[in-house]
>>> print(open('model.tsv').read())   # TSV, C-alpha atoms
chain	number	residue	atom	x	y	z
A	1	MET	CA	74.55	2.79	39.41
A	2	HIS	CA	72.03	3.94	36.87
A	3	GLY	CA	70.09	7.14	36.16
A	4	PRO	CA	66.32	7.58	36.51
A	5	VAL	CA	64.57	4.35	35.55
A	6	GLY	CA	62.97	4.14	32.10
A	7	TYR	CA	59.47	3.69	33.47
A	8	VAL	CA	59.51	6.78	35.70
A	9	ALA	CA	56.73	8.52	33.73
A	10	ASP	CA	54.54	5.39	33.64
A	11	LYS	CA	54.99	4.40	37.28
A	12	ASP	CA	51.39	5.02	38.39
A	13	GLU	CA	49.99	3.15	35.39
A	14	LEU	CA	52.37	0.21	36.00
A	15	LEU	CA	51.45	0.04	39.68
A	16	LYS	CA	47.74	0.09	38.81
A	17	ARG	CA	48.20	-2.82	36.40
A	18	LEU	CA	50.30	-4.76	38.92
A	19	ARG	CA	47.70	-4.28	41.65
A	20	ARG	CA	45.05	-5.53	39.23
A	21	ALA	CA	47.20	-8.59	38.43
A	22	GLU	CA	47.64	-9.19	42.18
A	23	GLY	CA	43.85	-9.03	42.58
A	24	GLN	CA	43.45	-11.56	39.76
A	25	VAL	CA	45.87	-13.99	41.43
A	26	ARG	CA	44.00	-13.60	44.74
A	27	GLY	CA	40.72	-14.20	42.88
A	28	ILE	CA	42.14	-17.44	41.46
A	29	GLN	CA	42.97	-18.59	45.02
A	30	ARG	CA	39.35	-18.05	46.03
A	31	MET	CA	38.18	-19.98	42.95
A	32	VAL	CA	40.41	-22.92	43.94
A	33	GLU	CA	39.21	-22.77	47.56
A	34	ASP	CA	35.59	-22.84	46.29
A	35	ASP	CA	36.24	-25.83	43.99
A	36	THR	CA	35.48	-23.79	40.86
A	37	TYR	CA	35.41	-25.83	37.67
A	38	CYS	CA	39.00	-26.41	36.33
A	39	ILE	CA	38.40	-24.74	32.96
A	40	ASP	CA	37.06	-21.57	34.59
A	41	VAL	CA	40.10	-21.40	36.87
A	42	LEU	CA	42.35	-21.94	33.84
A	43	THR	CA	40.68	-19.07	31.98
A	44	GLN	CA	41.52	-16.74	34.88
A	45	VAL	CA	45.11	-18.00	35.10
A	46	SER	CA	45.51	-17.26	31.37
A	47	ALA	CA	44.09	-13.77	31.92
A	48	ALA	CA	46.50	-13.06	34.79
A	49	THR	CA	49.43	-14.37	32.71
A	50	LYS	CA	48.46	-12.08	29.82
A	51	ALA	CA	48.20	-9.14	32.25
A	52	LEU	CA	51.75	-9.77	33.48
A	53	GLU	CA	52.98	-10.11	29.89
A	54	SER	CA	51.50	-6.69	29.13
A	55	VAL	CA	53.33	-5.22	32.12
A	56	ALA	CA	56.55	-6.79	30.83
A	57	LEU	CA	56.04	-5.34	27.34
A	58	ALA	CA	55.33	-1.89	28.80
A	59	LEU	CA	58.49	-2.06	30.94
A	60	LEU	CA	60.52	-3.17	27.94
A	61	ASP	CA	59.16	-0.32	25.80
A	62	ASP	CA	60.15	2.22	28.41
A	63	HIS	CA	63.54	0.59	28.84
A	64	LEU	CA	64.28	0.63	25.09
A	65	ALA	CA	62.98	4.19	24.71
A	66	HIS	CA	65.04	5.59	27.58
A	67	CYS	CA	67.89	3.51	28.98
A	68	VAL	CA	68.87	1.78	25.72
A	69	ALA	CA	68.31	4.86	23.56
A	70	GLU	CA	70.50	6.98	25.86
A	71	ALA	CA	73.25	4.40	26.03
A	72	SER	CA	73.14	4.02	22.23
A	73	ALA	CA	73.51	7.76	21.81
A	74	GLU	CA	76.70	7.58	23.89
A	75	GLY	CA	77.92	4.38	22.23
A	76	GLY	CA	80.88	2.33	23.44
A	77	PRO	CA	80.90	-0.66	25.78
A	78	VAL	CA	78.03	0.62	27.95
A	79	ALA	CA	75.75	0.71	24.90
A	80	GLU	CA	76.76	-2.83	23.98
A	81	GLU	CA	76.15	-4.05	27.50
A	82	LYS	CA	72.68	-2.42	27.54
A	83	LEU	CA	71.78	-4.12	24.27
A	84	ARG	CA	72.98	-7.50	25.51
A	85	GLU	CA	70.90	-7.06	28.64
A	86	ALA	CA	67.79	-6.03	26.68
A	87	SER	CA	68.20	-8.99	24.30
A	88	ALA	CA	68.46	-11.42	27.19
A	89	ALA	CA	65.31	-9.92	28.77
A	90	ILE	CA	63.41	-10.26	25.48
A	91	ALA	CA	64.54	-13.89	25.13
A	92	ARG	CA	63.29	-14.64	28.66
A	93	LEU	CA	59.89	-13.19	27.70
A	94	VAL	CA	59.61	-15.15	24.45
A	95	ARG	CA	60.65	-18.56	25.81
B	1	MET	CA	26.84	-29.14	37.07
B	2	HIS	CA	30.06	-31.07	37.43
B	3	GLY	CA	31.45	-33.63	39.89
B	4	PRO	CA	34.45	-33.08	42.18
B	5	VAL	CA	36.96	-30.83	40.45
B	6	GLY	CA	40.02	-32.46	38.88
B	7	TYR	CA	42.49	-30.67	41.15
B	8	VAL	CA	40.84	-31.73	44.43
B	9	ALA	CA	43.87	-33.79	45.51
B	10	ASP	CA	46.35	-31.02	44.63
B	11	LYS	CA	44.42	-28.13	46.15
B	12	ASP	CA	46.91	-27.34	48.95
B	13	GLU	CA	49.84	-27.45	46.56
B	14	LEU	CA	48.00	-25.21	44.05
B	15	LEU	CA	47.08	-22.69	46.75
B	16	LYS	CA	50.69	-22.62	47.97
B	17	ARG	CA	51.93	-21.87	44.46
B	18	LEU	CA	49.26	-19.21	43.92
B	19	ARG	CA	50.16	-17.49	47.20
B	20	ARG	CA	53.80	-17.53	46.13
B	21	ALA	CA	52.84	-15.98	42.77
B	22	GLU	CA	50.80	-13.33	44.60
B	23	GLY	CA	53.84	-12.57	46.75
B	24	GLN	CA	55.97	-12.23	43.61
B	25	VAL	CA	53.51	-9.74	42.08
B	26	ARG	CA	53.51	-7.73	45.31
B	27	GLY	CA	57.31	-7.81	45.31
B	28	ILE	CA	57.30	-6.38	41.77
B	29	GLN	CA	55.12	-3.49	42.99
B	30	ARG	CA	57.67	-2.67	45.67
B	31	MET	CA	60.47	-2.82	43.09
B	32	VAL	CA	58.59	-0.32	40.90
B	33	GLU	CA	57.89	1.95	43.88
B	34	ASP	CA	61.61	1.87	44.76
B	35	ASP	CA	62.66	2.71	41.16
B	36	THR	CA	64.45	-0.62	40.74
B	37	TYR	CA	66.36	-0.95	37.48
B	38	CYS	CA	64.01	-1.93	34.59
B	39	ILE	CA	65.83	-5.15	33.70
B	40	ASP	CA	65.68	-6.41	37.29
B	41	VAL	CA	61.94	-5.69	37.42
B	42	LEU	CA	61.52	-7.50	34.08
B	43	THR	CA	63.35	-10.56	35.41
B	44	GLN	CA	60.86	-10.77	38.28
B	45	VAL	CA	57.87	-10.29	35.95
B	46	SER	CA	59.15	-13.19	33.82
B	47	ALA	CA	59.52	-15.33	36.95
B	48	ALA	CA	55.95	-14.57	38.08
B	49	THR	CA	54.64	-15.32	34.56
B	50	LYS	CA	56.45	-18.67	34.54
B	51	ALA	CA	55.01	-19.44	38.01
B	52	LEU	CA	51.47	-18.83	36.72
B	53	GLU	CA	52.17	-20.95	33.63
B	54	SER	CA	53.21	-23.82	35.90
B	55	VAL	CA	49.96	-23.46	37.83
B	56	ALA	CA	48.07	-23.58	34.53
B	57	LEU	CA	49.90	-26.72	33.39
B	58	ALA	CA	49.22	-28.41	36.76
B	59	LEU	CA	45.51	-27.53	36.52
B	60	LEU	CA	45.38	-28.83	32.97
B	61	ASP	CA	47.08	-32.10	33.95
B	62	ASP	CA	44.53	-32.70	36.69
B	63	HIS	CA	41.70	-31.75	34.37
B	64	LEU	CA	42.82	-34.17	31.64
B	65	ALA	CA	43.51	-36.95	34.14
B	66	HIS	CA	40.13	-36.65	35.85
B	67	CYS	CA	37.37	-34.68	34.14
B	68	VAL	CA	38.37	-35.49	30.54
B	69	ALA	CA	39.33	-39.09	31.27
B	70	GLU	CA	36.00	-39.74	33.00
B	71	ALA	CA	33.99	-38.11	30.24
B	72	SER	CA	35.95	-40.08	27.61
B	73	ALA	CA	35.16	-43.31	29.43
B	74	GLU	CA	31.46	-42.46	29.13
B	75	GLY	CA	31.76	-41.17	25.56
B	76	GLY	CA	28.99	-39.33	23.74
B	77	PRO	CA	28.40	-35.59	23.41
B	78	VAL	CA	29.63	-34.80	26.94
B	79	ALA	CA	33.01	-36.33	26.12
B	80	GLU	CA	33.19	-34.30	22.91
B	81	GLU	CA	32.27	-31.11	24.76
B	82	LYS	CA	34.97	-31.76	27.40
B	83	LEU	CA	37.57	-32.25	24.71
B	84	ARG	CA	36.55	-29.07	22.88
B	85	GLU	CA	36.78	-27.17	26.16
B	86	ALA	CA	40.21	-28.62	26.98
B	87	SER	CA	41.50	-27.82	23.48
B	88	ALA	CA	40.33	-24.22	23.77
B	89	ALA	CA	42.03	-23.89	27.17
B	90	ILE	CA	45.29	-25.28	25.75
B	91	ALA	CA	45.11	-22.86	22.81
B	92	ARG	CA	44.66	-19.93	25.22
B	93	LEU	CA	47.79	-21.05	27.09
B	94	VAL	CA	49.90	-21.44	23.95
B	95	ARG	CA	48.93	-18.15	22.26
C	1	MET	CA	64.34	3.74	2.46
C	2	HIS	CA	66.73	2.24	4.95
C	3	GLY	CA	70.50	1.69	5.15
C	4	PRO	CA	72.21	-1.70	5.25
C	5	VAL	CA	70.03	-4.16	7.13
C	6	GLY	CA	70.94	-4.94	10.74
C	7	TYR	CA	71.63	-8.61	10.06
C	8	VAL	CA	74.08	-8.04	7.21
C	9	ALA	CA	77.01	-9.56	9.15
C	10	ASP	CA	74.98	-12.59	10.25
C	11	LYS	CA	73.36	-13.34	6.91
C	12	ASP	CA	75.08	-16.68	6.26
C	13	GLU	CA	74.33	-17.90	9.77
C	14	LEU	CA	70.67	-16.83	9.49
C	15	LEU	CA	70.28	-18.54	6.11
C	16	LYS	CA	71.83	-21.72	7.50
C	17	ARG	CA	69.35	-21.73	10.39
C	18	LEU	CA	66.42	-21.02	8.09
C	19	ARG	CA	67.41	-23.85	5.75
C	20	ARG	CA	67.60	-26.15	8.76
C	21	ALA	CA	64.12	-25.02	9.89
C	22	GLU	CA	62.83	-25.65	6.35
C	23	GLY	CA	64.31	-29.16	6.50
C	24	GLN	CA	62.59	-29.73	9.84
C	25	VAL	CA	59.20	-28.70	8.41
C	26	ARG	CA	59.75	-31.02	5.43
C	27	GLY	CA	60.66	-33.81	7.84
C	28	ILE	CA	57.40	-33.26	9.71
C	29	GLN	CA	55.50	-33.67	6.43
C	30	ARG	CA	57.17	-37.06	5.89
C	31	MET	CA	56.31	-38.06	9.45
C	32	VAL	CA	52.63	-37.22	8.83
C	33	GLU	CA	52.65	-39.08	5.48
C	34	ASP	CA	54.12	-42.12	7.27
C	35	ASP	CA	51.49	-42.01	10.06
C	36	THR	CA	54.12	-41.36	12.72
C	37	TYR	CA	52.77	-41.35	16.27
C	38	CYS	CA	51.14	-37.97	17.14
C	39	ILE	CA	53.40	-37.22	20.10
C	40	ASP	CA	56.55	-37.77	18.03
C	41	VAL	CA	55.22	-35.43	15.33
C	42	LEU	CA	54.38	-32.86	18.03
C	43	THR	CA	57.92	-33.05	19.42
C	44	GLN	CA	59.29	-32.15	15.99
C	45	VAL	CA	56.78	-29.32	15.51
C	46	SER	CA	57.89	-27.88	18.89
C	47	ALA	CA	61.53	-28.15	17.79
C	48	ALA	CA	60.84	-26.33	14.49
C	49	THR	CA	58.89	-23.62	16.35
C	50	LYS	CA	61.79	-23.12	18.77
C	51	ALA	CA	64.20	-22.93	15.81
C	52	LEU	CA	62.12	-20.14	14.23
C	53	GLU	CA	61.92	-18.33	17.57
C	54	SER	CA	65.72	-18.38	17.77
C	55	VAL	CA	65.91	-16.88	14.27
C	56	ALA	CA	63.49	-14.17	15.38
C	57	LEU	CA	65.54	-13.38	18.49
C	58	ALA	CA	68.74	-13.21	16.42
C	59	LEU	CA	67.09	-10.85	13.91
C	60	LEU	CA	65.80	-8.68	16.74
C	61	ASP	CA	69.24	-8.52	18.37
C	62	ASP	CA	70.80	-7.34	15.14
C	63	HIS	CA	67.99	-4.86	14.59
C	64	LEU	CA	68.35	-3.34	18.06
C	65	ALA	CA	72.14	-3.27	17.84
C	66	HIS	CA	72.22	-1.57	14.45
C	67	CYS	CA	69.05	0.06	13.13
C	68	VAL	CA	67.61	1.11	16.51
C	69	ALA	CA	70.97	2.10	17.99
C	70	GLU	CA	71.76	4.30	14.97
C	71	ALA	CA	68.35	5.94	14.97
C	72	SER	CA	68.63	6.55	18.73
C	73	ALA	CA	71.99	8.23	18.24
C	74	GLU	CA	70.33	10.64	15.80
C	75	GLY	CA	67.18	11.06	17.93
C	76	GLY	CA	64.04	12.80	16.75
C	77	PRO	CA	60.93	11.32	15.15
C	78	VAL	CA	62.83	8.63	13.21
C	79	ALA	CA	64.23	7.26	16.48
C	80	GLU	CA	60.77	7.22	18.00
C	81	GLU	CA	59.33	5.46	14.97
C	82	LYS	CA	62.08	2.80	15.08
C	83	LEU	CA	61.35	2.15	18.76
C	84	ARG	CA	57.62	1.86	18.15
C	85	GLU	CA	58.32	-0.62	15.34
C	86	ALA	CA	60.69	-2.68	17.48
C	87	SER	CA	58.21	-2.75	20.38
C	88	ALA	CA	55.44	-3.97	18.08
C	89	ALA	CA	57.71	-6.71	16.71
C	90	ILE	CA	58.62	-7.83	20.24
C	91	ALA	CA	54.93	-7.92	21.22
C	92	ARG	CA	54.16	-10.10	18.18
C	93	LEU	CA	56.89	-12.53	19.30
C	94	VAL	CA	55.70	-12.71	22.90
C	95	ARG	CA	51.97	-13.13	22.24
D	1	MET	CA	53.12	-50.21	18.69
D	2	HIS	CA	50.08	-48.00	18.40
D	3	GLY	CA	46.79	-48.08	16.48
D	4	PRO	CA	45.80	-45.66	13.71
D	5	VAL	CA	47.20	-42.21	14.48
D	6	GLY	CA	44.84	-39.60	15.90
D	7	TYR	CA	45.21	-37.26	12.92
D	8	VAL	CA	44.34	-39.85	10.26
D	9	ALA	CA	41.15	-38.01	9.21
D	10	ASP	CA	42.92	-34.62	9.07
D	11	LYS	CA	46.04	-35.77	7.25
D	12	ASP	CA	45.42	-33.86	4.00
D	13	GLU	CA	44.62	-30.66	5.87
D	14	LEU	CA	47.73	-31.04	8.07
D	15	LEU	CA	49.95	-31.66	5.04
D	16	LYS	CA	48.51	-28.60	3.30
D	17	ARG	CA	49.28	-26.43	6.32
D	18	LEU	CA	52.77	-27.87	6.66
D	19	ARG	CA	53.53	-27.21	2.98
D	20	ARG	CA	52.33	-23.64	3.44
D	21	ALA	CA	54.60	-23.26	6.51
D	22	GLU	CA	57.49	-24.67	4.46
D	23	GLY	CA	56.75	-22.10	1.75
D	24	GLN	CA	56.76	-19.34	4.38
D	25	VAL	CA	60.19	-20.42	5.66
D	26	ARG	CA	61.53	-20.49	2.09
D	27	GLY	CA	60.06	-17.03	1.54
D	28	ILE	CA	61.92	-15.77	4.62
D	29	GLN	CA	65.18	-17.09	3.16
D	30	ARG	CA	64.58	-15.07	-0.01
D	31	MET	CA	63.82	-11.99	2.09
D	32	VAL	CA	67.13	-12.38	3.93
D	33	GLU	CA	69.01	-12.96	0.66
D	34	ASP	CA	67.44	-9.76	-0.73
D	35	ASP	CA	68.36	-7.71	2.38
D	36	THR	CA	64.72	-7.08	3.25
D	37	TYR	CA	64.21	-4.71	6.18
D	38	CYS	CA	64.63	-6.54	9.53
D	39	ILE	CA	61.14	-5.75	10.82
D	40	ASP	CA	59.49	-7.10	7.67
D	41	VAL	CA	61.51	-10.33	7.97
D	42	LEU	CA	60.51	-10.56	11.64
D	43	THR	CA	56.83	-10.20	10.76
D	44	GLN	CA	57.11	-13.19	8.43
D	45	VAL	CA	59.02	-15.25	11.02
D	46	SER	CA	56.23	-14.55	13.53
D	47	ALA	CA	53.63	-15.63	10.94
D	48	ALA	CA	55.48	-18.90	10.23
D	49	THR	CA	55.82	-19.57	13.96
D	50	LYS	CA	52.09	-19.01	14.46
D	51	ALA	CA	51.36	-21.36	11.53
D	52	LEU	CA	53.44	-24.11	13.16
D	53	GLU	CA	51.71	-23.50	16.49
D	54	SER	CA	48.34	-23.99	14.81
D	55	VAL	CA	49.56	-27.29	13.35
D	56	ALA	CA	50.67	-28.33	16.84
D	57	LEU	CA	47.29	-27.43	18.36
D	58	ALA	CA	45.47	-29.36	15.62
D	59	LEU	CA	47.68	-32.42	16.20
D	60	LEU	CA	47.09	-32.18	19.94
D	61	ASP	CA	43.31	-31.93	19.46
D	62	ASP	CA	43.29	-35.06	17.35
D	63	HIS	CA	45.54	-36.83	19.81
D	64	LEU	CA	43.34	-36.00	22.79
D	65	ALA	CA	40.15	-36.86	20.90
D	66	HIS	CA	41.39	-40.24	19.71
D	67	CYS	CA	44.48	-41.73	21.34
D	68	VAL	CA	43.94	-40.28	24.83
D	69	ALA	CA	40.16	-40.76	24.79
D	70	GLU	CA	40.53	-44.42	23.79
D	71	ALA	CA	43.18	-45.10	26.38
D	72	SER	CA	41.07	-43.36	29.05
D	73	ALA	CA	38.12	-45.56	28.14
D	74	GLU	CA	40.29	-48.60	28.81
D	75	GLY	CA	41.92	-47.10	31.91
D	76	GLY	CA	44.90	-48.64	33.67
D	77	PRO	CA	48.61	-47.88	33.25
D	78	VAL	CA	48.34	-47.28	29.48
D	79	ALA	CA	45.82	-44.49	30.09
D	80	GLU	CA	48.11	-42.94	32.70
D	81	GLU	CA	51.08	-43.16	30.37
D	82	LYS	CA	49.10	-41.47	27.54
D	83	LEU	CA	48.10	-38.64	29.87
D	84	ARG	CA	51.67	-38.13	31.06
D	85	GLU	CA	52.82	-38.02	27.43
D	86	ALA	CA	50.10	-35.53	26.44
D	87	SER	CA	50.90	-33.30	29.45
D	88	ALA	CA	54.58	-33.26	28.54
D	89	ALA	CA	53.73	-32.34	24.93
D	90	ILE	CA	51.48	-29.49	26.10
D	91	ALA	CA	54.21	-28.20	28.42
D	92	ARG	CA	56.70	-28.19	25.52
D	93	LEU	CA	54.24	-26.10	23.49
D	94	VAL	CA	53.60	-23.59	26.27
D	95	ARG	CA	57.20	-23.03	27.35
>>> encode(input="model.tsv", output="structure tokens")
Amino acid sequence: MHGPVGYVADKDELLKRLRRAEGQVRGIQRMVEDDTYCIDVLTQVSAATKALESVALALLDDHLAHCVAEASAEGGPVAEEKLREASAAIARLVR
Amino acid sequence: MHGPVGYVADKDELLKRLRRAEGQVRGIQRMVEDDTYCIDVLTQVSAATKALESVALALLDDHLAHCVAEASAEGGPVAEEKLREASAAIARLVR
Amino acid sequence: MHGPVGYVADKDELLKRLRRAEGQVRGIQRMVEDDTYCIDVLTQVSAATKALESVALALLDDHLAHCVAEASAEGGPVAEEKLREASAAIARLVR
Amino acid sequence: MHGPVGYVADKDELLKRLRRAEGQVRGIQRMVEDDTYCIDVLTQVSAATKALESVALALLDDHLAHCVAEASAEGGPVAEEKLREASAAIARLVR
């Protein structure tokens, strides 16, 4: 179990960005169906990837600022576990 | 104008992967709506980002193997322009 | 001013990895001087880049586990500033 | 065996950039030895990583413009092999 999620205050903003990313991915499908020039499709795929990366960074910010900060304030094994988890998530983003 | 796009033979496969990526992004929206734990949302965002990166690499492969290869065979300023375009697209993917 | 740096316990290990990365970059210079095949040079550049990324992730882990965790335990504007700093550093790594 | 490497005309520029990257990595070692604040070390690691990525993109440009273009002009299994190689190198850079 866990308390309120870190992104609770940014939920609407996150959902708006995710819906926009979904729209971008659907737009790329139409481009492929219409035989759009490869480079133009690639530009849109890069844009959608960057949009998802921004969502990930926003989620991570909220997570560090709430879940990790709270756990750190308490200390002990839970704090360590939260830090390990956050580090693994950052590594997945970077690689 | 340009001839048949480089990915013409892989169109169905590309569309399948894009629809899967779209489904992943929609799944992430549901996770956010349901207050899923930040780290679990992040894992899915990383997976969707990787899926889009794979689509980009597949598009780039096809583009190099068809559009760039053909232009190179002809040589001249069109070949140079194609290479510049491909390099810029690769740089956008890497950064 | 700041207290002991987060990586104080991992200093020897970090220095060892940085010296190895330096050796890799020097090796790449020799490869270029010897006209080594482009793809083989590229493979080594990718390896050196990954080595530096691992150093960055290790530094970030230590920073979160020490500097950020301590500041979070105290709370207030210093904690917020530390989180902002860490988020910006993570964004620089990802993009 | 292979002909003249793709980067032959840019060799001096590549070596200059690699020496600068080597200097950056040595500078990071001094920062760690001097207990420089984690975030400042991280900023330099990101800069060195970006410098190596630029070297990689420059190498790849030269490779596409020379080795791959030449092989494409000839066609056949060598051209296919060059494209496969280039695609794999791009994928290593992106991931």
>>> calpha_fit_and_write(input="model.tsv", fixed="chain A", moving="chain B", output="short mmCIF file (atom, residue, chain, number, x, y, z; two decimals) with C-alpha atoms, in the coordinates of the input")
data_model
loop_
_atom_site.label_atom_id
_atom_site.label_comp_id
_atom_site.auth_asym_id
_atom_site.auth_seq_id
_atom_site.Cartn_x
_atom_site.Cartn_y
_atom_site.Cartn_z
CA MET B 1 74.63 2.77 39.20
CA HIS B 2 72.01 3.93 36.74
CA GLY B 3 70.09 7.16 36.12
CA PRO B 4 66.32 7.59 36.50
CA VAL B 5 64.58 4.36 35.55
CA GLY B 6 62.97 4.15 32.11
CA TYR B 7 59.45 3.69 33.47
CA VAL B 8 59.50 6.78 35.73
CA ALA B 9 56.73 8.51 33.74
CA ASP B 10 54.53 5.39 33.67
CA LYS B 11 54.97 4.38 37.30
CA ASP B 12 51.36 5.02 38.39
CA GLU B 13 49.98 3.16 35.40
CA LEU B 14 52.37 0.22 36.01
CA LEU B 15 51.45 0.04 39.69
CA LYS B 16 47.74 0.09 38.81
CA ARG B 17 48.21 -2.82 36.41
CA LEU B 18 50.30 -4.76 38.93
CA ARG B 19 47.67 -4.28 41.65
CA ARG B 20 45.05 -5.53 39.21
CA ALA B 21 47.20 -8.59 38.44
CA GLU B 22 47.63 -9.20 42.18
CA GLY B 23 43.86 -9.03 42.57
CA GLN B 24 43.45 -11.55 39.75
CA VAL B 25 45.87 -13.98 41.43
CA ARG B 26 43.98 -13.61 44.72
CA GLY B 27 40.72 -14.21 42.86
CA ILE B 28 42.16 -17.45 41.46
CA GLN B 29 42.96 -18.59 45.01
CA ARG B 30 39.34 -18.06 46.02
CA MET B 31 38.18 -19.98 42.94
CA VAL B 32 40.41 -22.92 43.93
CA GLU B 33 39.20 -22.78 47.54
CA ASP B 34 35.59 -22.83 46.29
CA ASP B 35 36.25 -25.84 43.99
CA THR B 36 35.48 -23.80 40.87
CA TYR B 37 35.44 -25.84 37.67
CA CYS B 38 39.01 -26.41 36.33
CA ILE B 39 38.42 -24.75 32.96
CA ASP B 40 37.06 -21.58 34.58
CA VAL B 41 40.10 -21.41 36.87
CA LEU B 42 42.36 -21.94 33.84
CA THR B 43 40.68 -19.07 31.98
CA GLN B 44 41.51 -16.75 34.88
CA VAL B 45 45.11 -18.00 35.09
CA SER B 46 45.52 -17.24 31.37
CA ALA B 47 44.09 -13.76 31.92
CA ALA B 48 46.50 -13.05 34.80
CA THR B 49 49.43 -14.35 32.71
CA LYS B 50 48.46 -12.07 29.82
CA ALA B 51 48.19 -9.13 32.27
CA LEU B 52 51.75 -9.77 33.49
CA GLU B 53 52.98 -10.09 29.89
CA SER B 54 51.50 -6.67 29.13
CA VAL B 55 53.33 -5.23 32.13
CA ALA B 56 56.55 -6.79 30.84
CA LEU B 57 56.05 -5.34 27.35
CA ALA B 58 55.34 -1.88 28.82
CA LEU B 59 58.50 -2.07 30.95
CA LEU B 60 60.52 -3.17 27.95
CA ASP B 61 59.16 -0.32 25.81
CA ASP B 62 60.16 2.24 28.42
CA HIS B 63 63.54 0.59 28.84
CA LEU B 64 64.29 0.64 25.10
CA ALA B 65 62.99 4.19 24.71
CA HIS B 66 65.04 5.58 27.59
CA CYS B 67 67.89 3.49 28.99
CA VAL B 68 68.88 1.78 25.71
CA ALA B 69 68.33 4.86 23.56
CA GLU B 70 70.49 6.99 25.86
CA ALA B 71 73.26 4.41 26.02
CA SER B 72 73.16 4.02 22.22
CA ALA B 73 73.53 7.77 21.82
CA GLU B 74 76.72 7.57 23.89
CA GLY B 75 77.93 4.37 22.23
CA GLY B 76 80.87 2.32 23.48
CA PRO B 77 80.88 -0.69 25.80
CA VAL B 78 78.01 0.60 27.96
CA ALA B 79 75.75 0.71 24.91
CA GLU B 80 76.76 -2.83 23.98
CA GLU B 81 76.13 -4.05 27.53
CA LYS B 82 72.66 -2.42 27.55
CA LEU B 83 71.77 -4.11 24.29
CA ARG B 84 72.97 -7.51 25.51
CA GLU B 85 70.89 -7.06 28.66
CA ALA B 86 67.79 -6.03 26.68
CA SER B 87 68.20 -8.99 24.30
CA ALA B 88 68.44 -11.42 27.21
CA ALA B 89 65.31 -9.92 28.79
CA ILE B 90 63.41 -10.26 25.49
CA ALA B 91 64.54 -13.89 25.14
CA ARG B 92 63.28 -14.64 28.67
CA LEU B 93 59.88 -13.19 27.71
CA VAL B 94 59.62 -15.14 24.46
CA ARG B 95 60.69 -18.55 25.81
#
>>> atom_distance(input="model.tsv", atom1="atom CA of Arg19 of chain D", atom2="atom CA of Ile90 of chain C")
26.4 Å
>>> residues_near_point(input="model.tsv", point="(71.0, -6.7, 8.2)", cutoff="7 Å", atoms="all atoms listed in the file", output="PyMOL selection string")
(chain C and resi 4-9+62) or (chain D and resi 35+38)
>>> residues_near_point(input="model.tsv", point="(51.2, -23.3, 3.8)", cutoff="12 Å", atoms="all atoms listed in the file", output="PyMOL selection string")
(chain C and resi 25-26+29) or (chain D and resi 13-27+47-52+54-55)
>>> write_last_selection(input="model.tsv", atoms="C-alpha atoms", output="mmCIF file, in the frame of the given file")
data_model
loop_
_atom_site.group_PDB
_atom_site.id
_atom_site.type_symbol
_atom_site.label_atom_id
_atom_site.label_comp_id
_atom_site.auth_asym_id
_atom_site.auth_seq_id
_atom_site.Cartn_x
_atom_site.Cartn_y
_atom_site.Cartn_z
ATOM 1 C CA VAL C 25 59.200 -28.700 8.410
ATOM 2 C CA ARG C 26 59.750 -31.020 5.430
ATOM 3 C CA GLN C 29 55.500 -33.670 6.430
ATOM 4 C CA GLU D 13 44.620 -30.660 5.870
ATOM 5 C CA LEU D 14 47.730 -31.040 8.070
ATOM 6 C CA LEU D 15 49.950 -31.660 5.040
ATOM 7 C CA LYS D 16 48.510 -28.600 3.300
ATOM 8 C CA ARG D 17 49.280 -26.430 6.320
ATOM 9 C CA LEU D 18 52.770 -27.870 6.660
ATOM 10 C CA ARG D 19 53.530 -27.210 2.980
ATOM 11 C CA ARG D 20 52.330 -23.640 3.440
ATOM 12 C CA ALA D 21 54.600 -23.260 6.510
ATOM 13 C CA GLU D 22 57.490 -24.670 4.460
ATOM 14 C CA GLY D 23 56.750 -22.100 1.750
ATOM 15 C CA GLN D 24 56.760 -19.340 4.380
ATOM 16 C CA VAL D 25 60.190 -20.420 5.660
ATOM 17 C CA ARG D 26 61.530 -20.490 2.090
ATOM 18 C CA GLY D 27 60.060 -17.030 1.540
ATOM 19 C CA ALA D 47 53.630 -15.630 10.940
ATOM 20 C CA ALA D 48 55.480 -18.900 10.230
ATOM 21 C CA THR D 49 55.820 -19.570 13.960
ATOM 22 C CA LYS D 50 52.090 -19.010 14.460
ATOM 23 C CA ALA D 51 51.360 -21.360 11.530
ATOM 24 C CA LEU D 52 53.440 -24.110 13.160
ATOM 25 C CA SER D 54 48.340 -23.990 14.810
ATOM 26 C CA VAL D 55 49.560 -27.290 13.350
#
>>> atom_distance(input="model.tsv", atom1="atom CA of Gln44 of chain B", atom2="atom CA of Leu42 of chain A")
22.1 Å
>>> atom_distance(input="model.tsv", atom1="atom CA of Val45 of chain C", atom2="atom CA of Arg30 of chain D")
22.5 Å
